[in-house]
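Here the structure is laid out as structure tokens; the discussion comes afterwards.
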Amino acid sequence: MLFASVCTAVLAAASFAVATPVQSEGGILTTLNTRQQLQAPSCIQGLIKPYSKADLESLQDWFLNTTPDVDDNIGPNGWFTWTLGSARVCIYNTNPNGTKEEVVNHKTHAQGLEQVRDTCCSPTTDQCRAGRASEYSISGAELALRVTANTTSC
């Protein structure tokens, strides 16, 4: 009887994880979240914890196919993050003159993930290095996208 209860609990937890694979949160930039000059997509030196290319692609697919028409409102000096498996994407509104929320569509996040994948992931293995790219809000403001391992905070 105890074994059946444990199995039921494990199956219920597994079903929940499959039903809601992407975890998200947000916040305000602090001294730990330094502003960076944005340029072409690049890999971040010094962060040695790799993440799975398959997880990055699953997160990209989630943005494109599960929530393509969702817009995110990222406040001035704000950030938002999504985590799936070993991959984490962080979006920063680092506009120093910004006084309003910037609206960014999930399709834009997927494009940024694709740029980082093409720049920082191995073509022969399932590993990627941390990377960054620029993305643009609906109003044209530049935001920062960073992809890291899920153990790295935004």
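Labels used: A, B, ... for chains in the order of the structure tokens, numbers from 1 for residues in each chain, and numbers from 1 for ligands as shown.
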Residue list (alpha helix (DSSP H), DSSP) for segment 62-144 of chain A, as a ChimeraX atom specification: /A:106-120
Dump of all heavy atoms for the selected residues, as a compact mmCIF listing (two decimals), in the first residue's frame:
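Result file follows (selection.txt):
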```
# COMPACT_ATOMS: atom_id res chain seq x y z
N HIS A 106 7.13 36.95 -27.26
CA HIS A 106 7.86 35.68 -27.09
C HIS A 106 8.58 35.24 -28.36
O HIS A 106 9.60 34.56 -28.29
CB HIS A 106 6.91 34.59 -26.60
CG HIS A 106 6.69 34.66 -25.13
ND1 HIS A 106 6.19 33.61 -24.41
CD2 HIS A 106 6.91 35.65 -24.22
CE1 HIS A 106 6.10 33.94 -23.13
NE2 HIS A 106 6.54 35.18 -23.00
N LYS A 107 8.07 35.62 -29.53
CA LYS A 107 8.78 35.28 -30.77
C LYS A 107 10.15 35.95 -30.80
O LYS A 107 11.11 35.40 -31.31
CB LYS A 107 7.95 35.71 -31.98
CG LYS A 107 6.69 34.90 -32.18
CD LYS A 107 5.88 35.45 -33.33
CE LYS A 107 4.52 34.76 -33.39
NZ LYS A 107 3.64 35.39 -34.38
N THR A 108 10.24 37.14 -30.22
CA THR A 108 11.51 37.86 -30.14
C THR A 108 12.49 37.11 -29.25
O THR A 108 13.68 37.00 -29.56
CB THR A 108 11.28 39.29 -29.62
OG1 THR A 108 10.35 39.94 -30.47
CG2 THR A 108 12.57 40.08 -29.57
N HIS A 109 12.00 36.57 -28.13
CA HIS A 109 12.87 35.78 -27.25
C HIS A 109 13.41 34.56 -28.01
O HIS A 109 14.58 34.20 -27.88
CB HIS A 109 12.12 35.29 -26.02
CG HIS A 109 11.56 36.37 -25.14
ND1 HIS A 109 12.13 37.63 -25.00
CD2 HIS A 109 10.46 36.39 -24.35
CE1 HIS A 109 11.42 38.35 -24.16
NE2 HIS A 109 10.40 37.62 -23.76
N ALA A 110 12.55 33.91 -28.79
CA ALA A 110 12.96 32.72 -29.56
C ALA A 110 14.06 33.08 -30.56
O ALA A 110 15.01 32.31 -30.74
CB ALA A 110 11.76 32.12 -30.28
N GLN A 111 13.96 34.25 -31.18
CA GLN A 111 15.01 34.68 -32.12
C GLN A 111 16.34 34.89 -31.40
O GLN A 111 17.40 34.51 -31.91
CB GLN A 111 14.58 35.95 -32.83
CG GLN A 111 13.43 35.75 -33.79
CD GLN A 111 12.84 37.07 -34.29
OE1 GLN A 111 13.16 38.14 -33.78
NE2 GLN A 111 11.97 36.98 -35.28
N GLY A 112 16.30 35.49 -30.22
CA GLY A 112 17.52 35.69 -29.43
C GLY A 112 18.15 34.36 -29.03
O GLY A 112 19.38 34.21 -29.07
N LEU A 113 17.31 33.40 -28.64
CA LEU A 113 17.82 32.08 -28.28
C LEU A 113 18.50 31.41 -29.49
O LEU A 113 19.53 30.76 -29.35
CB LEU A 113 16.69 31.19 -27.76
CG LEU A 113 16.18 31.54 -26.36
CD1 LEU A 113 14.92 30.75 -26.04
CD2 LEU A 113 17.24 31.29 -25.32
N GLU A 114 17.91 31.60 -30.66
CA GLU A 114 18.51 31.04 -31.87
C GLU A 114 19.89 31.65 -32.14
O GLU A 114 20.84 30.94 -32.48
CB GLU A 114 17.59 31.27 -33.07
CG GLU A 114 18.12 30.70 -34.36
CD GLU A 114 17.16 30.89 -35.52
OE1 GLU A 114 16.24 31.73 -35.44
OE2 GLU A 114 17.36 30.20 -36.53
N GLN A 115 20.02 32.97 -31.94
CA GLN A 115 21.30 33.62 -32.14
C GLN A 115 22.36 33.09 -31.18
O GLN A 115 23.50 32.82 -31.58
CB GLN A 115 21.16 35.14 -31.97
CG GLN A 115 20.34 35.80 -33.04
CD GLN A 115 20.09 37.27 -32.75
OE1 GLN A 115 20.46 37.78 -31.69
NE2 GLN A 115 19.47 37.95 -33.69
N VAL A 116 21.99 32.92 -29.92
CA VAL A 116 22.93 32.39 -28.93
C VAL A 116 23.27 30.95 -29.26
O VAL A 116 24.44 30.54 -29.18
CB VAL A 116 22.39 32.54 -27.49
CG1 VAL A 116 23.25 31.78 -26.50
CG2 VAL A 116 22.31 34.01 -27.11
N ARG A 117 22.29 30.16 -29.64
CA ARG A 117 22.56 28.76 -30.00
C ARG A 117 23.57 28.69 -31.15
O ARG A 117 24.53 27.93 -31.10
CB ARG A 117 21.27 28.06 -30.42
CG ARG A 117 21.50 26.57 -30.76
CD ARG A 117 20.40 25.98 -31.59
NE ARG A 117 20.39 26.64 -32.89
CZ ARG A 117 19.34 26.67 -33.69
NH1 ARG A 117 18.21 26.12 -33.34
NH2 ARG A 117 19.41 27.27 -34.86
N ASP A 118 23.36 29.50 -32.18
CA ASP A 118 24.25 29.46 -33.34
C ASP A 118 25.66 29.96 -33.02
O ASP A 118 26.61 29.59 -33.69
CB ASP A 118 23.66 30.29 -34.48
CG ASP A 118 22.38 29.68 -35.04
OD1 ASP A 118 22.06 28.51 -34.72
OD2 ASP A 118 21.67 30.39 -35.78
N THR A 119 25.79 30.78 -31.99
CA THR A 119 27.08 31.37 -31.63
C THR A 119 27.81 30.57 -30.55
O THR A 119 29.04 30.46 -30.59
CB THR A 119 26.88 32.82 -31.13
OG1 THR A 119 26.18 33.55 -32.13
CG2 THR A 119 28.20 33.50 -30.85
N CYS A 120 27.08 30.00 -29.59
CA CYS A 120 27.72 29.45 -28.38
C CYS A 120 27.53 27.96 -28.16
O CYS A 120 28.02 27.43 -27.15
CB CYS A 120 27.21 30.21 -27.15
SG CYS A 120 27.53 31.98 -27.23
```
For Ser52 of chain A, list every protein, DNA or RNA residue within 7 Å, evaluated using only C-alpha atoms, and leave out those in the same chain fewer than 5 positions away; present the list as an mmCIF file with N, CA, C and O atoms, in the first residue's frame.
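Contents of result-v2.cif, as written:
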```
data_model
loop_
_atom_site.group_PDB
_atom_site.id
_atom_site.type_symbol
_atom_site.label_atom_id
_atom_site.label_comp_id
_atom_site.auth_asym_id
_atom_site.auth_seq_id
_atom_site.Cartn_x
_atom_site.Cartn_y
_atom_site.Cartn_z
ATOM 1 N N SER A 86 18.246 22.414 -18.039
ATOM 2 C CA SER A 86 19.517 23.013 -17.614
ATOM 3 C C SER A 86 19.737 24.424 -18.153
ATOM 4 O O SER A 86 20.723 25.070 -17.814
ATOM 5 N N ALA A 87 18.812 24.926 -18.983
ATOM 6 C CA ALA A 87 18.989 26.239 -19.620
ATOM 7 C C ALA A 87 18.140 27.317 -18.949
ATOM 8 O O ALA A 87 16.993 27.077 -18.571
ATOM 9 N N ASP A 126 26.007 18.170 -27.219
ATOM 10 C CA ASP A 126 24.794 18.776 -26.665
ATOM 11 C C ASP A 126 25.120 19.902 -25.691
ATOM 12 O O ASP A 126 24.284 20.295 -24.909
ATOM 13 N N GLN A 127 26.334 20.443 -25.735
ATOM 14 C CA GLN A 127 26.715 21.463 -24.760
ATOM 15 C C GLN A 127 26.796 22.853 -25.374
ATOM 16 O O GLN A 127 27.205 23.016 -26.520
ATOM 17 N N CYS A 128 26.412 23.845 -24.542
ATOM 18 C CA CYS A 128 26.481 25.251 -24.925
ATOM 19 C C CYS A 128 27.193 26.032 -23.836
ATOM 20 O O CYS A 128 27.125 25.683 -22.666
#
```
Separation of atom CA of Tyr92 of chain A from atom CA of Pro123 of chain A in Å: 27.7 Å
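Nearest-residue note for Cys43 of chain A: choosing from A:Cys154, A:Ala130, A:Ile74, A:Cys90, the minimum distance belongs to A:Ala130, counting only C-alpha atoms.
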